[in-house]
Amino acid sequence: MTSLRPEDVRIDQIVESSCTCFGVDEFFPGLDPAAVAGDMSATGPEGETAHLEYAFRSHLVRDGQRTILVDGCVGNGKHRMRPAFDDLATPWLDRLHATGVRPEDVDYVVITHLHADHVGWATTLVDGRWVPTFPNARYLLHRDELEYWYSDVGAAALLRTGDYLADSVTPLLDHGLVDRFDSEFTLGDAVRIIPMIGHTPGHTCVEVTAGDERLFLAGDAFHHPIQIRRPELGTRYCVDPAQAAESRRRILAYVSETGALLAPAHFVGTGTGRVHAVGDGYRFTPVTTAPAAPGRV
Ligand SMILES: [Zn+2]
């Protein structure tokens, strides 16, 4: 049990955008769109296809001694094949500033996994070069995640998005700012870094504890609430679907038993809720107030 009181830990959401840019079938091949029609983040039908509404957000954690950014959304001015990610110009950085944190104040950047919508703000364009946005931070990455995306298999997977490693990750390596990990560890008393692999080979979650309250930042272990009701349901983009499903079950068992708040990266609204075991599955109940939610695009 941590000695930190809830007031010792501050958590802010830094929201980049939200969109209804993914068809149900794109993320969940073969799934009947009617299966998600009653959930909070399904819209449509748009033409023949129902679309899923996704938010894109980072979390900023301050424990009084260190400032930790979890995930970096899509970023500005980056050329991407997916139109929803291409050449964005969002006020994400202004929203970070609005929390009272400057980029140089960030001590750690935890990237849950190396998909393009989680690592974009790791770098920004300065005088024509992509440079680390957080010059004093250590960027923490699972060793297997780095190895996978820089392998031939990972390079092939990059084709659908564009080579975002070149503008968002390689500059971090070039500046010597990356620390690799391969197992669970803590940052102080409040923050626990927990590999939960499957969606990608080094996918990682972050738990923040303050007093009796826990917040479980689940990254992309879940993309949509239907995966809480049906944890076996993987996405088209899960590298190891069976392992991803196992990680979802572990997370659901943990948060339902401990009462931790669950906050996946892309759920809409507050993006945060409680999970309760119901029969042989689980139910997600959103909270009406996120730890902090300074606006949406
Ligand atoms: Zn994502």
# chains A, B, ... in the order shown; residues from 1 in each chain; ligands from 1
>>> select_by_dssp(residues="range 43-209 of chain A", states="strand (DSSP E or B)", output="number ranges by chain")
A: 43-46, 49-62, 67-70, 108-110, 123-126, 129-132, 138-142, 178-181, 185-187, 191-195, 204-209
>>> residues_near_ligand(ligand="ligand 1", cutoff="12 Å", atoms="only C-alpha atoms and all ligand atoms", output="PyMOL selection string")
chain A and resi 18+22+27+54-58+71-74+85+111-120+199-200+203+218-224+235+237-238+264-267
>>> write_last_selection(atoms="C-alpha atoms", output="mmCIF file, in the first residue's frame")
data_model
loop_
_atom_site.group_PDB
_atom_site.id
_atom_site.type_symbol
_atom_site.label_atom_id
_atom_site.label_comp_id
_atom_site.auth_asym_id
_atom_site.auth_seq_id
_atom_site.Cartn_x
_atom_site.Cartn_y
_atom_site.Cartn_z
ATOM 1 C CA SER A 18 -11.737 12.301 -31.262
ATOM 2 C CA PHE A 22 -12.916 3.531 -38.048
ATOM 3 C CA PHE A 27 -11.174 -3.059 -36.228
ATOM 4 C CA TYR A 54 -12.456 6.920 -30.662
ATOM 5 C CA ALA A 55 -10.699 9.508 -28.533
ATOM 6 C CA PHE A 56 -6.948 10.027 -28.615
ATOM 7 C CA ARG A 57 -5.433 11.046 -25.299
ATOM 8 C CA SER A 58 -2.321 11.075 -23.179
ATOM 9 C CA ASP A 71 1.572 8.039 -24.429
ATOM 10 C CA GLY A 72 1.982 10.706 -27.070
ATOM 11 C CA CYS A 73 -1.015 10.514 -29.444
ATOM 12 C CA VAL A 74 -0.524 11.249 -33.159
ATOM 13 C CA PHE A 85 -3.658 11.018 -38.654
ATOM 14 C CA ILE A 111 5.023 4.778 -24.558
ATOM 15 C CA THR A 112 2.526 1.934 -24.083
ATOM 16 C CA HIS A 113 3.358 0.642 -27.543
ATOM 17 C CA LEU A 114 4.798 1.820 -30.827
ATOM 18 C CA HIS A 115 1.692 2.434 -32.905
ATOM 19 C CA ALA A 116 1.584 5.780 -34.674
ATOM 20 C CA ASP A 117 -1.192 7.161 -32.447
ATOM 21 C CA HIS A 118 0.839 6.706 -29.245
ATOM 22 C CA VAL A 119 4.267 8.055 -30.062
ATOM 23 C CA GLY A 120 3.607 11.120 -32.239
ATOM 24 C CA HIS A 199 -1.760 -6.253 -28.901
ATOM 25 C CA THR A 200 1.898 -5.674 -29.690
ATOM 26 C CA HIS A 203 2.520 -3.539 -25.036
ATOM 27 C CA ALA A 218 -4.617 0.210 -20.159
ATOM 28 C CA GLY A 219 -3.279 1.661 -23.407
ATOM 29 C CA ASP A 220 -4.673 -0.344 -26.305
ATOM 30 C CA ALA A 221 -5.358 -3.548 -24.412
ATOM 31 C CA PHE A 222 -8.948 -2.406 -25.053
ATOM 32 C CA HIS A 223 -10.122 -0.309 -27.989
ATOM 33 C CA HIS A 224 -13.827 -0.514 -27.327
ATOM 34 C CA THR A 235 -8.717 -6.308 -33.272
ATOM 35 C CA TYR A 237 -4.160 -4.901 -35.416
ATOM 36 C CA CYS A 238 -3.364 -7.286 -32.563
ATOM 37 C CA PRO A 264 -7.934 2.639 -21.957
ATOM 38 C CA ALA A 265 -6.401 5.118 -24.373
ATOM 39 C CA HIS A 266 -9.295 5.446 -26.808
ATOM 40 C CA PHE A 267 -12.591 5.220 -24.936
#
>>> closest_atom_pairs(of="range 37-103 of chain A", to="range 124-129 of chain A", cutoff="8 Å", atoms="only C-alpha atoms", output="tab-separated table")
residue	atom	partner	partner_atom	distance
A:Gly75	CA	A:Thr124	CA	7.7
A:Asn76	CA	A:Thr124	CA	7.4
A:Gly77	CA	A:Leu125	CA	7.8
>>> residues_around(residues="range 248-259 of chain A", least_positions_apart="2", cutoff="6 Å", atoms="only C-alpha atoms", output="VMD selection string")
chain A and resid 231 245 to 246 275 to 276
>>> write_last_selection(atoms="C-alpha atoms", output="mmCIF file, in the first residue's frame")
data_model
loop_
_atom_site.group_PDB
_atom_site.id
_atom_site.type_symbol
_atom_site.label_atom_id
_atom_site.label_comp_id
_atom_site.auth_asym_id
_atom_site.auth_seq_id
_atom_site.Cartn_x
_atom_site.Cartn_y
_atom_site.Cartn_z
ATOM 1 C CA PRO A 231 -12.476 -10.108 -23.827
ATOM 2 C CA ALA A 245 -7.076 -11.763 -25.025
ATOM 3 C CA GLU A 246 -5.178 -13.309 -22.110
ATOM 4 C CA VAL A 275 -15.388 -2.836 -14.169
ATOM 5 C CA HIS A 276 -17.681 -5.328 -12.464
#
>>> closest_residue(among="A:Ile14, A:Val106, A:Leu52, A:Ala210", to="Glu26 in chain A", atoms="only C-alpha atoms")
A:Leu52
>>> atom_distance(atom1="CA of Arg143 in chain A", atom2="CA of Pro225 in chain A")
29.0 Å
>>> closest_residue(among="A:Arg10, A:His175, A:His142, A:Arg160", to="Ile193 in chain A", atoms="only C-alpha atoms")
A:His142
>>> residues_around(residues="Thr170 in chain A", least_positions_apart="5", cutoff="10 Å", atoms="only C-alpha atoms", output="PDB file with all heavy atoms, in the first residue's frame")
ATOM      1  N   THR A 123       8.212  13.568 -30.624  1.00  0.00           N
ATOM      2  CA  THR A 123       9.087  14.508 -31.327  1.00  0.00           C
ATOM      3  C   THR A 123       8.265  15.652 -31.913  1.00  0.00           C
ATOM      4  O   THR A 123       7.065  15.524 -32.155  1.00  0.00           O
ATOM      5  CB  THR A 123       9.846  13.813 -32.483  1.00  0.00           C
ATOM      6  OG1 THR A 123       8.903  13.296 -33.426  1.00  0.00           O
ATOM      7  CG2 THR A 123      10.736  12.698 -31.980  1.00  0.00           C
ATOM      8  N   TRP A 130      13.171  16.577 -36.906  1.00  0.00           N
ATOM      9  CA  TRP A 130      12.357  16.045 -35.811  1.00  0.00           C
ATOM     10  C   TRP A 130      13.240  15.850 -34.578  1.00  0.00           C
ATOM     11  O   TRP A 130      14.218  15.097 -34.628  1.00  0.00           O
ATOM     12  CB  TRP A 130      11.721  14.712 -36.219  1.00  0.00           C
ATOM     13  CG  TRP A 130      10.702  14.882 -37.300  1.00  0.00           C
ATOM     14  CD1 TRP A 130      10.857  14.595 -38.618  1.00  0.00           C
ATOM     15  CD2 TRP A 130       9.385  15.425 -37.152  1.00  0.00           C
ATOM     16  NE1 TRP A 130       9.704  14.912 -39.309  1.00  0.00           N
ATOM     17  CE2 TRP A 130       8.787  15.417 -38.433  1.00  0.00           C
ATOM     18  CE3 TRP A 130       8.645  15.909 -36.069  1.00  0.00           C
ATOM     19  CZ2 TRP A 130       7.487  15.880 -38.658  1.00  0.00           C
ATOM     20  CZ3 TRP A 130       7.354  16.365 -36.295  1.00  0.00           C
ATOM     21  CH2 TRP A 130       6.790  16.346 -37.572  1.00  0.00           C
ATOM     22  N   VAL A 131      12.906  16.560 -33.519  1.00  0.00           N
ATOM     23  CA  VAL A 131      13.720  16.490 -32.300  1.00  0.00           C
ATOM     24  C   VAL A 131      12.825  16.083 -31.125  1.00  0.00           C
ATOM     25  O   VAL A 131      11.604  16.282 -31.154  1.00  0.00           O
ATOM     26  CB  VAL A 131      14.386  17.851 -31.999  1.00  0.00           C
ATOM     27  CG1 VAL A 131      15.292  18.259 -33.143  1.00  0.00           C
ATOM     28  CG2 VAL A 131      13.350  18.923 -31.725  1.00  0.00           C
ATOM     29  N   PRO A 132      13.419  15.510 -30.084  1.00  0.00           N
ATOM     30  CA  PRO A 132      12.619  15.103 -28.921  1.00  0.00           C
ATOM     31  C   PRO A 132      11.862  16.293 -28.326  1.00  0.00           C
ATOM     32  O   PRO A 132      12.454  17.339 -28.060  1.00  0.00           O
ATOM     33  CB  PRO A 132      13.663  14.548 -27.951  1.00  0.00           C
ATOM     34  CG  PRO A 132      14.788  14.089 -28.842  1.00  0.00           C
ATOM     35  CD  PRO A 132      14.822  15.093 -29.966  1.00  0.00           C
ATOM     36  N   TYR A 150      11.557  -2.514 -35.263  1.00  0.00           N
ATOM     37  CA  TYR A 150      12.745  -2.285 -36.086  1.00  0.00           C
ATOM     38  C   TYR A 150      13.188  -3.554 -36.823  1.00  0.00           C
ATOM     39  O   TYR A 150      14.215  -3.549 -37.477  1.00  0.00           O
ATOM     40  CB  TYR A 150      13.896  -1.727 -35.239  1.00  0.00           C
ATOM     41  CG  TYR A 150      13.772  -0.223 -35.028  1.00  0.00           C
ATOM     42  CD1 TYR A 150      13.132   0.289 -33.905  1.00  0.00           C
ATOM     43  CD2 TYR A 150      14.262   0.676 -35.969  1.00  0.00           C
ATOM     44  CE1 TYR A 150      12.995   1.661 -33.708  1.00  0.00           C
ATOM     45  CE2 TYR A 150      14.136   2.039 -35.796  1.00  0.00           C
ATOM     46  CZ  TYR A 150      13.505   2.527 -34.666  1.00  0.00           C
ATOM     47  OH  TYR A 150      13.369   3.881 -34.490  1.00  0.00           O
ATOM     48  N   TYR A 164       6.650   5.882 -39.366  1.00  0.00           N
ATOM     49  CA  TYR A 164       6.641   6.831 -38.254  1.00  0.00           C
ATOM     50  C   TYR A 164       7.811   6.615 -37.305  1.00  0.00           C
ATOM     51  O   TYR A 164       8.132   7.490 -36.497  1.00  0.00           O
ATOM     52  CB  TYR A 164       5.308   6.778 -37.500  1.00  0.00           C
ATOM     53  CG  TYR A 164       4.924   5.409 -36.999  1.00  0.00           C
ATOM     54  CD1 TYR A 164       5.323   4.979 -35.750  1.00  0.00           C
ATOM     55  CD2 TYR A 164       4.144   4.564 -37.773  1.00  0.00           C
ATOM     56  CE1 TYR A 164       4.961   3.724 -35.286  1.00  0.00           C
ATOM     57  CE2 TYR A 164       3.784   3.308 -37.325  1.00  0.00           C
ATOM     58  CZ  TYR A 164       4.193   2.896 -36.070  1.00  0.00           C
ATOM     59  OH  TYR A 164       3.846   1.663 -35.624  1.00  0.00           O
ATOM     60  N   LEU A 165       8.461   5.464 -37.394  1.00  0.00           N
ATOM     61  CA  LEU A 165       9.668   5.290 -36.572  1.00  0.00           C
ATOM     62  C   LEU A 165      10.710   6.343 -36.929  1.00  0.00           C
ATOM     63  O   LEU A 165      11.401   6.880 -36.052  1.00  0.00           O
ATOM     64  CB  LEU A 165      10.265   3.900 -36.765  1.00  0.00           C
ATOM     65  CG  LEU A 165       9.442   2.691 -36.347  1.00  0.00           C
ATOM     66  CD1 LEU A 165      10.263   1.428 -36.525  1.00  0.00           C
ATOM     67  CD2 LEU A 165       8.977   2.811 -34.902  1.00  0.00           C
ATOM     68  N   HIS A 175      19.364  10.612 -29.871  1.00  0.00           N
ATOM     69  CA  HIS A 175      19.699  11.516 -28.771  1.00  0.00           C
ATOM     70  C   HIS A 175      20.027  10.765 -27.474  1.00  0.00           C
ATOM     71  O   HIS A 175      20.270  11.399 -26.443  1.00  0.00           O
ATOM     72  CB  HIS A 175      18.554  12.499 -28.509  1.00  0.00           C
ATOM     73  CG  HIS A 175      18.507  13.638 -29.499  1.00  0.00           C
ATOM     74  ND1 HIS A 175      18.022  13.504 -30.778  1.00  0.00           N
ATOM     75  CD2 HIS A 175      18.909  14.939 -29.389  1.00  0.00           C
ATOM     76  CE1 HIS A 175      18.104  14.659 -31.421  1.00  0.00           C
ATOM     77  NE2 HIS A 175      18.647  15.540 -30.614  1.00  0.00           N
ATOM     78  N   GLY A 176      19.966   9.437 -27.515  1.00  0.00           N
ATOM     79  CA  GLY A 176      20.298   8.646 -26.330  1.00  0.00           C
ATOM     80  C   GLY A 176      19.308   8.794 -25.194  1.00  0.00           C
ATOM     81  O   GLY A 176      19.679   8.685 -24.018  1.00  0.00           O
ATOM     82  N   VAL A 178      16.423   6.919 -24.785  1.00  0.00           N
ATOM     83  CA  VAL A 178      15.557   5.748 -24.583  1.00  0.00           C
ATOM     84  C   VAL A 178      16.144   4.821 -23.534  1.00  0.00           C
ATOM     85  O   VAL A 178      17.320   4.468 -23.595  1.00  0.00           O
ATOM     86  CB  VAL A 178      15.369   4.992 -25.917  1.00  0.00           C
ATOM     87  CG1 VAL A 178      14.605   3.692 -25.691  1.00  0.00           C
ATOM     88  CG2 VAL A 178      14.649   5.885 -26.934  1.00  0.00           C
TER      89      VAL A 178
END
>>> select_by_dssp(residues="range 114-259 of chain A", states="helix (DSSP H, G or I)", output="PyMOL selection string")
chain A and resi 116-122+143-149+152-160+164-168+170-174+226-229+241-258
>>> residues_around(residues="Val191 in chain A", least_positions_apart="2", cutoff="10 Å", atoms="only C-alpha atoms", output="mmCIF file with N, CA, C and O atoms, in the first residue's frame")
data_model
loop_
_atom_site.group_PDB
_atom_site.id
_atom_site.type_symbol
_atom_site.label_atom_id
_atom_site.label_comp_id
_atom_site.auth_asym_id
_atom_site.auth_seq_id
_atom_site.Cartn_x
_atom_site.Cartn_y
_atom_site.Cartn_z
ATOM 1 N N THR A 2 0.544 2.171 -0.828
ATOM 2 C CA THR A 2 1.347 3.378 -0.941
ATOM 3 C C THR A 2 1.105 4.307 0.242
ATOM 4 O O THR A 2 0.051 4.297 0.864
ATOM 5 N N VAL A 9 -1.027 13.104 -5.586
ATOM 6 C CA VAL A 9 -0.884 12.657 -6.966
ATOM 7 C C VAL A 9 -1.900 13.395 -7.828
ATOM 8 O O VAL A 9 -3.081 13.455 -7.504
ATOM 9 N N VAL A 61 0.969 12.371 -15.280
ATOM 10 C CA VAL A 61 0.941 11.970 -13.874
ATOM 11 C C VAL A 61 2.022 12.738 -13.131
ATOM 12 O O VAL A 61 3.187 12.737 -13.556
ATOM 13 N N ARG A 62 1.627 13.397 -12.053
ATOM 14 C CA ARG A 62 2.596 14.066 -11.191
ATOM 15 C C ARG A 62 2.454 13.541 -9.769
ATOM 16 O O ARG A 62 1.350 13.524 -9.229
ATOM 17 N N ASP A 63 3.572 13.093 -9.186
ATOM 18 C CA ASP A 63 3.497 12.529 -7.838
ATOM 19 C C ASP A 63 4.209 13.412 -6.809
ATOM 20 O O ASP A 63 4.490 12.981 -5.700
ATOM 21 N N ILE A 68 5.350 12.433 -15.257
ATOM 22 C CA ILE A 68 5.388 11.276 -16.156
ATOM 23 C C ILE A 68 4.283 11.432 -17.192
ATOM 24 O O ILE A 68 3.109 11.590 -16.843
ATOM 25 N N PHE A 185 8.177 -2.785 -13.307
ATOM 26 C CA PHE A 185 8.970 -1.993 -12.368
ATOM 27 C C PHE A 185 8.156 -0.783 -11.924
ATOM 28 O O PHE A 185 7.061 -0.538 -12.442
ATOM 29 N N THR A 186 8.673 -0.061 -10.953
ATOM 30 C CA THR A 186 7.953 1.089 -10.413
ATOM 31 C C THR A 186 8.760 2.363 -10.594
ATOM 32 O O THR A 186 9.990 2.344 -10.673
ATOM 33 N N LEU A 187 8.031 3.470 -10.648
ATOM 34 C CA LEU A 187 8.636 4.805 -10.586
ATOM 35 C C LEU A 187 8.090 5.439 -9.313
ATOM 36 O O LEU A 187 6.922 5.845 -9.267
ATOM 37 N N GLY A 188 8.904 5.458 -8.274
ATOM 38 C CA GLY A 188 8.424 5.956 -6.991
ATOM 39 C C GLY A 188 7.355 5.042 -6.417
ATOM 40 O O GLY A 188 7.237 3.872 -6.782
ATOM 41 N N ASP A 189 6.560 5.596 -5.470
ATOM 42 C CA ASP A 189 5.526 4.787 -4.812
ATOM 43 C C ASP A 189 4.226 4.740 -5.593
ATOM 44 O O ASP A 189 3.375 3.892 -5.345
ATOM 45 N N ILE A 193 4.790 0.190 -13.823
ATOM 46 C CA ILE A 193 4.844 -0.069 -15.257
ATOM 47 C C ILE A 193 4.696 -1.578 -15.445
ATOM 48 O O ILE A 193 5.492 -2.353 -14.909
ATOM 49 N N ILE A 194 3.668 -2.007 -16.198
ATOM 50 C CA ILE A 194 3.300 -3.422 -16.223
ATOM 51 C C ILE A 194 3.158 -3.916 -17.664
ATOM 52 O O ILE A 194 2.197 -3.567 -18.345
ATOM 53 N N VAL A 206 0.085 1.043 -17.328
ATOM 54 C CA VAL A 206 0.620 1.845 -16.218
ATOM 55 C C VAL A 206 -0.455 1.963 -15.152
ATOM 56 O O VAL A 206 -1.584 2.362 -15.445
ATOM 57 N N GLU A 207 -0.102 1.615 -13.922
ATOM 58 C CA GLU A 207 -1.036 1.782 -12.809
ATOM 59 C C GLU A 207 -0.557 2.920 -11.910
ATOM 60 O O GLU A 207 0.624 2.972 -11.540
ATOM 61 N N VAL A 208 -1.485 3.799 -11.571
ATOM 62 C CA VAL A 208 -1.184 4.908 -10.661
ATOM 63 C C VAL A 208 -1.977 4.685 -9.380
ATOM 64 O O VAL A 208 -3.191 4.440 -9.425
ATOM 65 N N THR A 209 -1.296 4.754 -8.245
ATOM 66 C CA THR A 209 -1.931 4.512 -6.953
ATOM 67 C C THR A 209 -1.761 5.721 -6.057
ATOM 68 O O THR A 209 -0.675 6.299 -5.975
ATOM 69 N N ALA A 210 -2.857 6.110 -5.414
ATOM 70 C CA ALA A 210 -2.797 7.197 -4.433
ATOM 71 C C ALA A 210 -3.816 6.881 -3.346
ATOM 72 O O ALA A 210 -5.015 6.833 -3.612
ATOM 73 N N ARG A 214 -6.903 3.559 -7.251
ATOM 74 C CA ARG A 214 -5.988 3.102 -8.299
ATOM 75 C C ARG A 214 -6.575 3.462 -9.651
ATOM 76 O O ARG A 214 -7.787 3.345 -9.850
ATOM 77 N N LEU A 215 -5.708 3.867 -10.532
ATOM 78 C CA LEU A 215 -6.101 4.140 -11.917
ATOM 79 C C LEU A 215 -5.235 3.278 -12.818
ATOM 80 O O LEU A 215 -4.006 3.364 -12.774
ATOM 81 N N PHE A 216 -5.887 2.439 -13.624
ATOM 82 C CA PHE A 216 -5.152 1.506 -14.478
ATOM 83 C C PHE A 216 -5.227 2.012 -15.913
ATOM 84 O O PHE A 216 -6.273 1.945 -16.561
#
>>> closest_residue(among="A:Ala122, A:Ala34, A:Val110, A:Leu93", to="Val70 in chain A", atoms="only C-alpha atoms")
A:Val110
